[in-house]
$ cat coords_17.txt   # compact mmCIF, C-alpha atoms
# COMPACT_ATOMS: atom_id res chain seq x y z
CA MET A 1 0.00 0.00 0.00
CA PHE A 2 1.07 3.58 -0.77
CA GLN A 3 2.31 5.21 2.45
CA VAL A 4 -0.24 7.84 3.48
CA ASN A 5 1.07 10.98 5.11
CA MET A 6 -1.93 12.00 7.21
CA SER A 7 -0.75 15.59 7.62
CA SER A 8 -1.04 15.96 3.84
CA ILE A 9 -4.80 15.21 3.72
CA PRO A 10 -5.88 18.80 4.61
CA ASP A 11 -3.43 20.03 1.94
CA LEU A 12 -5.05 17.74 -0.65
CA ILE A 13 -8.52 18.98 0.31
CA LYS A 14 -7.33 22.61 0.04
CA LYS A 15 -5.69 21.90 -3.34
CA LYS A 16 -8.97 20.54 -4.76
CA ARG A 17 -11.08 23.20 -3.03
CA ASP A 18 -8.95 25.87 -4.73
CA GLY A 19 -9.60 24.28 -8.12
CA GLU A 20 -6.17 22.75 -8.70
CA THR A 21 -5.64 19.39 -10.41
CA LEU A 22 -4.73 16.48 -8.15
CA SER A 23 -1.76 14.36 -9.28
CA ASP A 24 -1.93 10.55 -9.49
CA ASP A 25 -0.02 10.39 -6.18
CA ASP A 26 -2.48 12.83 -4.55
CA VAL A 27 -5.44 10.70 -5.61
CA ARG A 28 -3.70 7.51 -4.45
CA ALA A 29 -2.99 9.05 -1.02
CA PHE A 30 -6.65 10.04 -0.63
CA VAL A 31 -8.11 6.66 -1.72
CA ASP A 32 -5.60 4.73 0.42
CA ALA A 33 -6.54 6.84 3.45
CA VAL A 34 -10.24 6.14 2.78
CA THR A 35 -9.70 2.38 2.36
CA SER A 36 -7.49 2.00 5.42
CA GLU A 37 -9.91 4.18 7.45
CA LEU A 38 -7.06 6.50 8.47
CA ILE A 39 -9.05 9.56 7.42
CA GLN A 40 -11.88 11.23 9.33
CA ASP A 41 -15.35 11.14 7.76
CA ALA A 42 -15.37 14.94 7.93
CA GLN A 43 -12.23 15.05 5.77
CA THR A 44 -13.63 12.56 3.27
CA GLY A 45 -16.86 14.61 3.12
CA ALA A 46 -14.86 17.80 2.57
CA MET A 47 -12.94 16.21 -0.31
CA LEU A 48 -16.17 14.90 -1.87
CA MET A 49 -17.69 18.39 -1.69
CA ALA A 50 -14.53 19.93 -3.20
CA ILE A 51 -14.72 17.41 -6.07
CA TRP A 52 -18.46 18.13 -6.46
CA GLN A 53 -17.83 21.89 -6.65
CA LYS A 54 -14.65 22.01 -8.75
CA GLY A 55 -15.04 18.87 -10.88
CA MET A 56 -12.14 16.79 -12.20
CA VAL A 57 -10.31 16.60 -15.51
CA VAL A 58 -10.31 13.23 -17.32
CA ALA A 59 -6.85 12.29 -16.01
CA GLU A 60 -7.97 12.91 -12.39
CA THR A 61 -11.20 10.94 -12.82
CA THR A 62 -9.23 8.09 -14.40
CA ALA A 63 -6.75 8.10 -11.49
CA LEU A 64 -9.62 8.14 -8.96
CA THR A 65 -11.33 5.23 -10.72
CA ARG A 66 -8.10 3.22 -11.01
CA GLU A 67 -7.22 3.68 -7.32
CA MET A 68 -10.77 2.77 -6.24
CA MET A 69 -10.58 -0.37 -8.41
CA LEU A 70 -7.21 -1.33 -6.88
CA SER A 71 -8.47 -0.76 -3.31
CA GLY A 72 -9.65 -4.39 -3.18
CA GLU A 73 -9.56 -7.66 -5.06
CA VAL A 74 -9.29 -7.50 -8.86
CA MET A 75 -10.58 -10.63 -10.55
CA SER A 76 -8.31 -12.70 -12.75
CA TRP A 77 -9.40 -15.14 -15.42
CA PRO A 78 -7.88 -18.11 -17.30
CA LYS A 79 -5.66 -17.11 -20.25
CA GLU A 80 -7.97 -18.83 -22.73
CA TRP A 81 -10.77 -16.43 -21.77
CA ALA A 82 -8.73 -13.38 -22.87
CA GLY A 83 -10.87 -11.07 -24.99
CA LEU A 84 -14.14 -12.84 -24.03
CA MET A 85 -14.95 -11.11 -20.71
CA VAL A 86 -17.81 -8.61 -21.19
CA ASP A 87 -20.46 -6.84 -19.13
CA LYS A 88 -22.99 -4.03 -19.27
CA HIS A 89 -24.16 -1.38 -16.83
CA SER A 90 -27.45 0.52 -16.91
CA THR A 91 -28.06 3.81 -15.08
CA GLY A 92 -31.49 2.45 -14.11
CA GLY A 93 -34.99 2.66 -15.40
CA VAL A 94 -38.55 1.37 -15.08
CA GLY A 95 -39.10 -2.21 -16.21
CA ASP A 96 -35.40 -2.52 -17.08
CA LYS A 97 -34.98 -6.29 -17.31
CA VAL A 98 -32.34 -6.14 -20.08
CA SER A 99 -29.65 -7.99 -18.07
CA LEU A 100 -31.83 -11.08 -17.60
CA VAL A 101 -32.03 -11.53 -21.38
CA LEU A 102 -28.68 -10.06 -22.43
CA ALA A 103 -26.34 -12.06 -20.13
CA PRO A 104 -27.51 -15.52 -21.35
CA ALA A 105 -27.70 -14.30 -24.98
CA LEU A 106 -24.06 -13.16 -24.82
CA ALA A 107 -23.04 -16.47 -23.21
CA ALA A 108 -24.76 -18.24 -26.11
CA CYS A 109 -22.61 -16.10 -28.47
CA GLY A 110 -19.41 -17.39 -26.79
CA CYS A 111 -18.77 -14.53 -24.35
CA LYS A 112 -18.06 -14.82 -20.62
CA VAL A 113 -20.29 -12.50 -18.58
CA PRO A 114 -19.34 -12.01 -14.88
CA MET A 115 -22.25 -9.62 -14.24
CA ILE A 116 -22.00 -7.96 -10.84
CA SER A 117 -25.33 -6.22 -10.29
CA GLY A 118 -27.09 -4.08 -7.73
CA ARG A 119 -30.36 -3.85 -5.87
CA GLY A 120 -33.21 -1.44 -6.49
CA LEU A 121 -33.35 1.87 -4.65
CA ALA A 122 -36.02 4.59 -4.90
CA HIS A 123 -38.10 4.14 -8.08
CA THR A 124 -35.61 2.05 -10.10
CA GLY A 125 -35.68 -1.75 -9.85
CA GLY A 126 -32.57 -3.85 -9.22
CA THR A 127 -31.54 -6.93 -11.20
CA LEU A 128 -30.68 -8.86 -8.01
CA ASP A 129 -34.17 -8.26 -6.55
CA LYS A 130 -35.75 -9.57 -9.75
CA LEU A 131 -33.68 -12.75 -9.70
CA GLU A 132 -34.37 -13.31 -6.00
CA SER A 133 -38.07 -13.61 -6.80
CA ILE A 134 -37.09 -17.03 -8.25
CA PRO A 135 -37.13 -19.52 -5.32
CA GLY A 136 -33.60 -20.70 -4.51
CA PHE A 137 -31.71 -18.19 -6.69
CA ASN A 138 -28.53 -17.28 -4.80
CA ILE A 139 -26.85 -13.99 -5.75
CA HIS A 140 -24.03 -14.56 -3.22
CA GLN A 141 -21.23 -16.48 -4.96
CA SER A 142 -17.53 -16.69 -4.08
CA THR A 143 -14.84 -15.85 -6.63
CA GLU A 144 -14.22 -19.58 -7.07
CA GLN A 145 -17.93 -20.27 -7.65
CA ILE A 146 -18.08 -17.41 -10.20
CA HIS A 147 -15.16 -19.06 -12.07
CA ASN A 148 -16.96 -22.42 -12.08
CA ILE A 149 -20.27 -20.97 -13.28
CA LEU A 150 -18.55 -18.99 -16.06
CA ASP A 151 -16.70 -22.14 -17.09
CA SER A 152 -19.83 -24.31 -17.33
CA VAL A 153 -22.55 -21.76 -18.25
CA GLY A 154 -20.79 -18.65 -19.58
CA CYS A 155 -22.71 -16.12 -17.47
CA CYS A 156 -23.63 -15.39 -13.87
CA ILE A 157 -25.46 -12.52 -12.19
CA VAL A 158 -24.22 -11.91 -8.65
CA GLY A 159 -23.98 -9.27 -5.92
CA GLN A 160 -20.84 -7.33 -5.07
CA THR A 161 -18.53 -9.19 -2.68
CA LYS A 162 -17.01 -7.35 0.30
CA ARG A 163 -13.54 -7.74 -1.22
CA LEU A 164 -14.35 -5.82 -4.41
CA VAL A 165 -13.78 -2.05 -4.41
CA PRO A 166 -14.01 -1.41 -0.63
CA ALA A 167 -13.21 2.29 -1.25
CA ASP A 168 -16.51 2.63 -3.13
CA ARG A 169 -18.57 1.36 -0.20
CA VAL A 170 -17.13 4.09 2.06
CA LEU A 171 -17.42 6.87 -0.52
CA TYR A 172 -20.90 5.78 -1.66
CA SER A 173 -22.39 6.05 1.84
CA LEU A 174 -20.74 9.42 2.46
CA ARG A 175 -21.84 10.79 -0.91
CA ASP A 176 -25.43 10.25 0.20
CA ALA A 177 -24.80 11.97 3.56
CA THR A 178 -23.04 14.96 1.95
CA SER A 179 -25.35 15.60 -1.04
CA THR A 180 -22.59 14.81 -3.53
CA VAL A 181 -24.37 11.86 -5.22
CA ASP A 182 -24.75 13.73 -8.52
CA SER A 183 -21.07 14.51 -9.12
CA LEU A 184 -19.89 13.37 -12.57
CA PRO A 185 -16.37 12.23 -11.50
CA LEU A 186 -17.78 10.44 -8.43
CA ILE A 187 -20.51 8.63 -10.41
CA THR A 188 -17.94 7.65 -13.05
CA GLY A 189 -15.49 6.41 -10.40
CA SER A 190 -18.14 4.37 -8.59
CA ILE A 191 -19.49 2.62 -11.70
CA ILE A 192 -16.28 2.07 -13.67
CA SER A 193 -14.15 0.97 -10.67
CA LYS A 194 -16.57 -1.92 -10.00
CA LYS A 195 -16.57 -2.96 -13.66
CA GLY A 196 -12.78 -2.55 -13.83
CA ALA A 197 -12.41 -4.98 -10.91
CA GLU A 198 -14.09 -7.60 -13.13
CA SER A 199 -11.06 -7.42 -15.49
CA LEU A 200 -13.22 -7.01 -18.60
CA ALA A 201 -12.21 -6.92 -22.25
CA ALA A 202 -15.27 -4.84 -23.15
CA LEU A 203 -18.02 -2.92 -21.36
CA VAL A 204 -21.19 -1.31 -22.69
CA LEU A 205 -23.11 1.36 -20.76
CA ASP A 206 -26.84 1.99 -21.13
CA VAL A 207 -27.16 5.63 -20.09
CA LYS A 208 -30.82 6.61 -19.91
CA PHE A 209 -32.46 10.02 -20.21
CA GLY A 210 -36.06 11.15 -19.89
CA LYS A 211 -38.90 11.46 -17.37
CA ALA A 212 -38.20 8.15 -15.60
CA ALA A 213 -34.38 8.36 -15.72
CA LEU A 214 -31.74 9.74 -13.35
CA TYR A 215 -30.99 12.36 -16.03
CA LYS A 216 -34.06 14.07 -17.45
CA ASP A 217 -32.21 15.70 -20.37
CA LEU A 218 -30.10 14.24 -23.15
CA GLU A 219 -27.22 16.68 -22.62
CA SER A 220 -26.48 15.60 -18.99
CA ALA A 221 -26.84 11.92 -19.89
CA LYS A 222 -24.41 12.35 -22.78
CA GLU A 223 -21.90 14.10 -20.51
CA LEU A 224 -21.98 11.15 -18.07
CA ALA A 225 -21.78 8.61 -20.92
CA GLN A 226 -18.76 10.38 -22.42
CA SER A 227 -17.05 10.58 -19.01
CA MET A 228 -17.52 6.83 -18.41
CA VAL A 229 -16.45 5.92 -21.97
CA ASN A 230 -13.27 8.05 -21.60
CA VAL A 231 -12.34 6.55 -18.22
CA GLY A 232 -13.23 2.95 -19.17
CA ASN A 233 -11.02 3.16 -22.23
CA GLY A 234 -8.34 4.92 -20.15
CA LEU A 235 -8.24 1.82 -17.92
CA GLY A 236 -7.79 -0.46 -20.93
CA ILE A 237 -11.39 -1.72 -21.17
CA ARG A 238 -12.97 -1.23 -24.61
CA THR A 239 -15.95 0.85 -23.51
CA GLY A 240 -18.96 2.03 -25.50
CA ALA A 241 -22.31 3.55 -24.53
CA VAL A 242 -25.90 3.79 -25.69
CA LEU A 243 -28.04 6.82 -24.93
CA SER A 244 -31.59 5.48 -24.56
CA ARG A 245 -34.98 7.09 -23.88
CA MET A 246 -36.57 6.32 -20.51
CA ASP A 247 -40.01 7.95 -20.39
CA THR A 248 -42.41 5.05 -20.27
CA VAL A 249 -41.96 1.39 -19.26
CA ILE A 250 -39.44 -0.94 -20.96
CA GLY A 251 -41.59 -3.83 -22.18
CA ARG A 252 -44.96 -4.25 -20.51
CA CYS A 253 -44.20 -5.34 -16.95
CA VAL A 254 -42.88 -3.59 -13.84
CA GLY A 255 -42.24 -5.38 -10.54
CA ASN A 256 -39.90 -8.22 -9.64
CA SER A 257 -41.84 -11.46 -10.32
CA LEU A 258 -43.64 -9.95 -13.32
CA GLU A 259 -40.35 -8.82 -14.90
CA VAL A 260 -38.88 -12.32 -14.51
CA ILE A 261 -41.94 -13.67 -16.37
CA GLU A 262 -41.51 -11.11 -19.15
CA SER A 263 -37.77 -11.92 -19.40
CA LEU A 264 -38.54 -15.64 -19.74
CA GLU A 265 -41.19 -14.90 -22.38
CA THR A 266 -38.58 -12.81 -24.24
CA LEU A 267 -36.07 -15.68 -24.04
CA LYS A 268 -38.82 -17.92 -25.50
CA GLY A 269 -39.05 -15.59 -28.52
CA ASN A 270 -42.15 -13.61 -27.47
CA GLY A 271 -40.40 -10.46 -26.29
CA PRO A 272 -41.60 -6.87 -26.84
CA ASP A 273 -39.83 -4.90 -29.58
CA ASP A 274 -38.45 -2.16 -27.31
CA LEU A 275 -36.81 -4.66 -24.94
CA MET A 276 -35.30 -6.60 -27.86
CA GLU A 277 -34.04 -3.34 -29.40
CA LEU A 278 -32.00 -2.67 -26.24
CA VAL A 279 -30.82 -6.28 -25.86
CA THR A 280 -29.64 -6.57 -29.47
CA THR A 281 -28.03 -3.09 -29.60
CA LEU A 282 -26.13 -3.45 -26.31
CA GLY A 283 -25.13 -7.03 -27.12
CA GLY A 284 -24.22 -6.12 -30.71
CA ILE A 285 -21.87 -3.38 -29.50
CA LEU A 286 -20.09 -5.83 -27.16
CA LEU A 287 -19.69 -8.43 -29.93
CA MET A 288 -18.31 -5.73 -32.22
CA MET A 289 -15.88 -4.39 -29.58
CA THR A 290 -14.52 -7.91 -28.89
CA ALA A 291 -14.23 -8.57 -32.67
CA ALA A 292 -16.76 -11.42 -32.41
CA ALA A 293 -18.80 -9.53 -35.05
CA PRO A 294 -17.47 -7.36 -37.91
CA ASP A 295 -19.99 -4.53 -37.34
CA LEU A 296 -22.99 -3.49 -35.26
CA SER A 297 -25.68 -4.86 -37.56
CA GLU A 298 -24.04 -8.31 -37.64
CA GLY A 299 -23.60 -8.13 -33.86
CA ARG A 300 -27.29 -7.31 -33.42
CA LYS A 301 -28.26 -10.19 -35.68
CA ARG A 302 -26.13 -12.69 -33.74
CA VAL A 303 -27.70 -11.66 -30.41
CA ALA A 304 -31.21 -11.81 -31.92
CA ASP A 305 -30.44 -15.30 -33.31
CA ALA A 306 -29.21 -16.50 -29.90
CA VAL A 307 -32.61 -15.53 -28.46
CA ALA A 308 -34.74 -16.77 -31.39
CA SER A 309 -33.00 -20.17 -31.52
CA GLY A 310 -33.63 -20.85 -27.81
CA ALA A 311 -29.87 -21.01 -27.10
CA ALA A 312 -30.09 -18.04 -24.68
CA LEU A 313 -33.02 -19.66 -22.81
CA LEU A 314 -30.93 -22.81 -22.24
CA ARG A 315 -28.11 -20.65 -20.79
CA PHE A 316 -30.57 -18.91 -18.48
CA GLN A 317 -31.87 -22.28 -17.28
CA ALA A 318 -28.31 -23.50 -16.68
CA MET A 319 -27.45 -20.26 -14.85
CA MET A 320 -30.47 -20.64 -12.55
CA GLU A 321 -29.43 -24.21 -11.68
CA ALA A 322 -25.78 -23.19 -11.15
CA GLN A 323 -26.93 -20.42 -8.79
CA GLY A 324 -29.05 -22.63 -6.56
CA VAL A 325 -32.45 -23.04 -8.25
CA ALA A 326 -33.82 -26.60 -8.14
CA LYS A 327 -33.56 -28.41 -11.52
CA GLU A 328 -37.32 -29.04 -11.60
CA THR A 329 -38.09 -25.35 -10.88
CA ALA A 330 -35.67 -24.12 -13.57
CA ARG A 331 -37.06 -26.58 -16.12
CA SER A 332 -40.65 -25.62 -15.29
CA LEU A 333 -39.93 -21.87 -15.73
CA CYS A 334 -38.20 -22.48 -19.07
CA SER A 335 -40.76 -24.90 -20.55
CA ALA A 336 -43.01 -23.72 -23.38
CA HIS A 337 -46.46 -23.65 -21.78
CA THR A 338 -45.87 -23.11 -18.10
CA ASP A 339 -48.01 -21.52 -15.42
CA TYR A 340 -45.36 -19.20 -13.97
CA PHE A 341 -47.31 -18.66 -10.77
CA THR A 342 -46.88 -22.29 -9.73
CA VAL A 343 -43.26 -21.23 -9.08
CA LEU A 344 -43.25 -17.45 -8.64
CA ARG A 345 -45.23 -15.61 -6.00
CA LYS A 346 -48.51 -14.12 -7.25
CA SER A 347 -49.99 -11.12 -5.45
CA GLU A 348 -53.18 -11.69 -3.46
CA HIS A 349 -55.06 -8.99 -5.36
CA GLN A 350 -55.24 -7.78 -8.96
CA THR A 351 -57.32 -4.92 -10.27
CA GLU A 352 -57.63 -3.36 -13.72
CA LEU A 353 -57.70 0.33 -14.63
CA VAL A 354 -59.62 1.43 -17.73
CA THR A 355 -59.20 4.33 -20.16
CA SER A 356 -61.41 7.39 -19.64
CA ALA A 357 -61.76 8.37 -23.33
CA ASP A 358 -61.66 7.11 -26.94
CA GLY A 359 -58.47 7.76 -28.89
CA VAL A 360 -54.84 6.73 -29.30
CA VAL A 361 -52.50 5.93 -26.38
CA THR A 362 -49.73 8.54 -26.78
CA ASP A 363 -47.95 8.28 -23.41
CA ILE A 364 -47.67 6.14 -20.28
CA ASP A 365 -45.64 7.87 -17.58
CA GLY A 366 -43.17 5.28 -16.28
CA LEU A 367 -42.07 7.41 -13.33
CA VAL A 368 -45.60 7.80 -11.91
CA LEU A 369 -46.15 4.06 -12.27
CA ALA A 370 -42.84 3.21 -10.56
CA GLN A 371 -43.41 5.64 -7.69
CA VAL A 372 -46.81 4.16 -6.83
CA LEU A 373 -45.49 0.57 -7.06
CA HIS A 374 -42.59 1.57 -4.84
CA LYS A 375 -45.04 2.76 -2.15
CA LEU A 376 -47.04 -0.47 -2.51
CA GLY A 377 -43.95 -2.50 -1.56
CA ALA A 378 -42.21 -3.28 -4.88
CA GLY A 379 -39.22 -1.08 -4.00
CA ARG A 380 -37.24 0.18 -1.03
CA SER A 381 -36.31 3.62 0.34
CA LYS A 382 -33.35 2.46 2.44
CA VAL A 383 -30.63 -0.10 1.70
CA GLY A 384 -31.49 -3.45 3.29
CA GLU A 385 -35.27 -2.94 3.48
CA PRO A 386 -37.34 -5.97 2.44
CA ILE A 387 -39.48 -5.80 -0.71
CA ASN A 388 -42.56 -7.66 -1.93
CA HIS A 389 -41.62 -9.52 -5.13
CA SER A 390 -45.27 -10.05 -6.14
CA VAL A 391 -46.21 -6.35 -6.33
CA GLY A 392 -46.17 -4.89 -9.85
CA ALA A 393 -48.13 -3.83 -12.89
CA GLU A 394 -48.75 -5.10 -16.42
CA LEU A 395 -49.50 -2.72 -19.27
CA LEU A 396 -52.44 -4.03 -21.30
CA VAL A 397 -52.01 -1.47 -24.12
CA SER A 398 -49.09 -0.27 -26.27
CA LEU A 399 -48.11 3.23 -27.31
CA GLY A 400 -49.90 4.08 -30.55
CA GLN A 401 -52.78 1.68 -29.86
CA LYS A 402 -56.34 2.83 -30.63
CA VAL A 403 -58.63 2.34 -27.62
CA GLN A 404 -62.26 2.98 -26.72
CA LYS A 405 -63.39 4.48 -23.43
CA GLY A 406 -63.49 1.79 -20.74
CA HIS A 407 -60.73 -0.31 -22.33
CA PRO A 408 -58.48 -1.96 -19.67
CA TRP A 409 -54.99 -0.41 -19.90
CA LEU A 410 -53.27 -1.57 -16.67
CA ARG A 411 -53.44 -4.58 -14.37
CA LEU A 412 -52.20 -3.75 -10.88
CA HIS A 413 -50.85 -6.56 -8.66
CA TYR A 414 -50.90 -5.62 -4.97
CA GLU A 415 -51.12 -6.97 -1.41
CA ALA A 416 -50.94 -4.92 1.80
CA PRO A 417 -51.06 -1.97 1.83
CA PRO A 418 -53.83 -1.61 -0.80
CA PRO A 419 -53.57 1.43 -3.08
CA THR A 420 -55.12 4.63 -1.68
CA PRO A 421 -57.67 6.63 -3.74
CA ASP A 422 -54.88 9.18 -4.34
CA GLN A 423 -52.55 6.49 -5.69
CA MET A 424 -55.30 5.12 -7.95
CA SER A 425 -55.95 8.56 -9.42
CA GLY A 426 -52.18 9.05 -9.76
CA LEU A 427 -51.97 5.82 -11.75
CA GLN A 428 -54.95 6.86 -13.86
CA SER A 429 -53.20 10.15 -14.72
CA ALA A 430 -50.17 8.21 -16.02
CA VAL A 431 -51.91 7.26 -19.28
CA THR A 432 -52.53 9.83 -22.02
CA VAL A 433 -55.19 9.09 -24.65
CA MET A 434 -55.62 11.64 -27.44
CA THR A 435 -57.91 11.97 -30.42
CA ASN A 436 -56.77 13.24 -33.84
CA THR A 437 -53.15 12.39 -33.22
CA HIS A 438 -50.40 10.73 -35.20
CA THR A 439 -49.02 7.46 -33.85
CA PRO A 440 -45.82 8.10 -31.86
CA THR A 441 -42.70 6.17 -32.82
CA HIS A 442 -41.36 4.12 -29.95
CA THR A 443 -37.69 3.41 -30.47
CA LEU A 444 -35.50 3.68 -27.39
CA VAL A 445 -31.94 3.95 -28.73
CA HIS A 446 -31.11 7.58 -29.47
CA GLU A 447 -27.36 7.44 -30.03
CA VAL A 448 -24.40 5.07 -29.80
CA LEU A 449 -20.98 6.20 -28.52
CA LEU A 450 -18.11 3.89 -29.48
CA PRO A 451 -14.46 3.94 -28.35
CA ASN A 452 -12.21 6.01 -30.65

$ encode --input "coords_17.txt" --output "structure tokens"
Amino acid sequence: MFQVNMSSIPDLIKKKRDGETLSDDDVRAFVDAVTSELIQDAQTGAMLMAIWQKGMVVAETTALTREMMLSGEVMSWPKEWAGLMVDKHSTGGVGDKVSLVLAPALAACGCKVPMISGRGLAHTGGTLDKLESIPGFNIHQSTEQIHNILDSVGCCIVGQTKRLVPADRVLYSLRDATSTVDSLPLITGSIISKKGAESLAALVLDVKFGKAALYKDLESAKELAQSMVNVGNGLGIRTGAVLSRMDTVIGRCVGNSLEVIESLETLKGNGPDDLMELVTTLGGILLMMTAAAPDLSEGRKRVADAVASGAALLRFQAMMEAQGVAKETARSLCSAHTDYFTVLRKSEHQTELVTSADGVVTDIDGLVLAQVLHKLGAGRSKVGEPINHSVGAELLVSLGQKVQKGHPWLRLHYEAPPPTPDQMSGLQSAVTVMTNTHTPTHTLVHEVLLPN
């Protein structure tokens, strides 16, 4: 470990506060002090605020990310897997079940996918919560178990181990306490350090913008995407990004159990177009960046073929079994005509909402939907809170669909607490039906950023 001179920490804070650029050694001293807990929380908070106020140049952000990555275990893989290790990260959305389809599809294309995912917080759902709605699915796997699963299946989806990027755990909790969550260098460092610790050949980022995204406007989302692409490539990972719209729901289902069902239906070839657009674009970029496909359109086609042929479904089944799901349960979920609710928890109550006018469905506000479901128990407000996997909603209409007044547009799945009258009217306000309107186009991918 780099020897930290504790008397220099106030000097480093002052240097950043005054808008100077921190050297690689400065950044290393700070991160080492954080990791070894030799620094006071007040000092860490002061440095975070200085970074938030003054920003960082690309070289500083890259140094911060590298030192965070090196603060713990960095995974190593067999030589024969060189160039095959890939992953993706999404900035979070509503109904974002892309990972559940993409990881097995990439494995079916010959990649190795050591996907380290997160849990849901506030209105965005977490991949780990979705998978835990499958009885027996274990997201806690040791490094050795991850190796074995990648060897036999090609993909795994697991939680972060305590040994990976310990500096991020400290900084992440203090960012919340000091209102520095939305700092570009700190977001970049947090995301890319964790992916860097996976020792990837290629990484694709799904950076969302719109009503139901972290960034409401394209410009801010593009700034974050560019920052992460620069730093990822600076660490030697071929990194690309997609800027995608996040206004409504991805696919038709929101909520943990319901999203697993929709993912399985997608893997069986019955997936919604918007979800498949994201899966094939993100997967196609990774195949192109690892030279497994000559260009993006061929990459997209290979990912789509892996899903259409059923090869991705078989990988998902094998992944479930390798991560603790009983063989019979995994087979049942993956069989052609299954009743999913014999395996997955179904909510005690369902109710349908109907449209209040004739016309064309022009908008369904994903944020409103997610916020109500969150209050009904589908999400959590604090880390570690339990969630109800059965709570969710199914859209019964698509954007651009002609409907008559009284047509069911949403099926709500709930338990206790039941929705309040206010929440029901909030949900009802989420759908927009207009007469004399053109049909909106509903493609999600706005722009692709590739490494230089």

$ atom_distance --input "coords_17.txt" --atom1 "atom CA of A:Thr62" --atom2 "atom CA of A:Met85"
21.0 Å

$ closest_atom_pairs --input "coords_17.txt" --of "stretch 188-217 of chain A" --to "stretch 156-162 of chain A" --cutoff "12 Å" --atoms "all atoms listed in the file" --output "tab-separated table"
residue	atom	partner	partner_atom	distance
A:Lys194	CA	A:Gln160	CA	8.5
A:Lys195	CA	A:Gln160	CA	10.5
A:Ala197	CA	A:Gln160	CA	10.5
A:Glu198	CA	A:Gln160	CA	10.5

$ write_last_selection --input "coords_17.txt" --atoms "C-alpha atoms" --output "PDB file, in the coordinates of the input"
ATOM      1  CA  LYS A 194     -16.570  -1.920 -10.000  1.00  0.00           C
ATOM      2  CA  LYS A 195     -16.570  -2.960 -13.660  1.00  0.00           C
ATOM      3  CA  ALA A 197     -12.410  -4.980 -10.910  1.00  0.00           C
ATOM      4  CA  GLU A 198     -14.090  -7.600 -13.130  1.00  0.00           C
TER       5      GLU A 198
END

$ closest_residue --input "coords_17.txt" --among "A:Thr127, A:Thr432, A:Thr91, A:Thr248" --to "A:Gly210" --atoms "all atoms listed in the file"
A:Thr248

$ closest_residue --input "coords_17.txt" --among "A:Asn436, A:Ser425, A:Ser297, A:Gln323" --to "A:Asn148" --atoms "only C-alpha atoms"
A:Gln323

$ atom_distance --input "coords_17.txt" --atom1 "atom CA of A:Asn452" --atom2 "atom CA of A:Trp52"
27.8 Å

$ decode --input "coords_17.txt" --residues "stretch 100-137 of chain A" --atoms "C-alpha atoms" --output "short mmCIF file (atom, residue, chain, number, x, y, z; two decimals), in the first residue's frame"
data_model
loop_
_atom_site.label_atom_id
_atom_site.label_comp_id
_atom_site.auth_asym_id
_atom_site.auth_seq_id
_atom_site.Cartn_x
_atom_site.Cartn_y
_atom_site.Cartn_z
CA LEU A 100 -31.83 -11.08 -17.60
CA VAL A 101 -32.03 -11.53 -21.38
CA LEU A 102 -28.68 -10.06 -22.43
CA ALA A 103 -26.34 -12.06 -20.13
CA PRO A 104 -27.51 -15.52 -21.35
CA ALA A 105 -27.70 -14.30 -24.98
CA LEU A 106 -24.06 -13.16 -24.82
CA ALA A 107 -23.04 -16.47 -23.21
CA ALA A 108 -24.76 -18.24 -26.11
CA CYS A 109 -22.61 -16.10 -28.47
CA GLY A 110 -19.41 -17.39 -26.79
CA CYS A 111 -18.77 -14.53 -24.35
CA LYS A 112 -18.06 -14.82 -20.62
CA VAL A 113 -20.29 -12.50 -18.58
CA PRO A 114 -19.34 -12.01 -14.88
CA MET A 115 -22.25 -9.62 -14.24
CA ILE A 116 -22.00 -7.96 -10.84
CA SER A 117 -25.33 -6.22 -10.29
CA GLY A 118 -27.09 -4.08 -7.73
CA ARG A 119 -30.36 -3.85 -5.87
CA GLY A 120 -33.21 -1.44 -6.49
CA LEU A 121 -33.35 1.87 -4.65
CA ALA A 122 -36.02 4.59 -4.90
CA HIS A 123 -38.10 4.14 -8.08
CA THR A 124 -35.61 2.05 -10.10
CA GLY A 125 -35.68 -1.75 -9.85
CA GLY A 126 -32.57 -3.85 -9.22
CA THR A 127 -31.54 -6.93 -11.20
CA LEU A 128 -30.68 -8.86 -8.01
CA ASP A 129 -34.17 -8.26 -6.55
CA LYS A 130 -35.75 -9.57 -9.75
CA LEU A 131 -33.68 -12.75 -9.70
CA GLU A 132 -34.37 -13.31 -6.00
CA SER A 133 -38.07 -13.61 -6.80
CA ILE A 134 -37.09 -17.03 -8.25
CA PRO A 135 -37.13 -19.52 -5.32
CA GLY A 136 -33.60 -20.70 -4.51
CA PHE A 137 -31.71 -18.19 -6.69
#
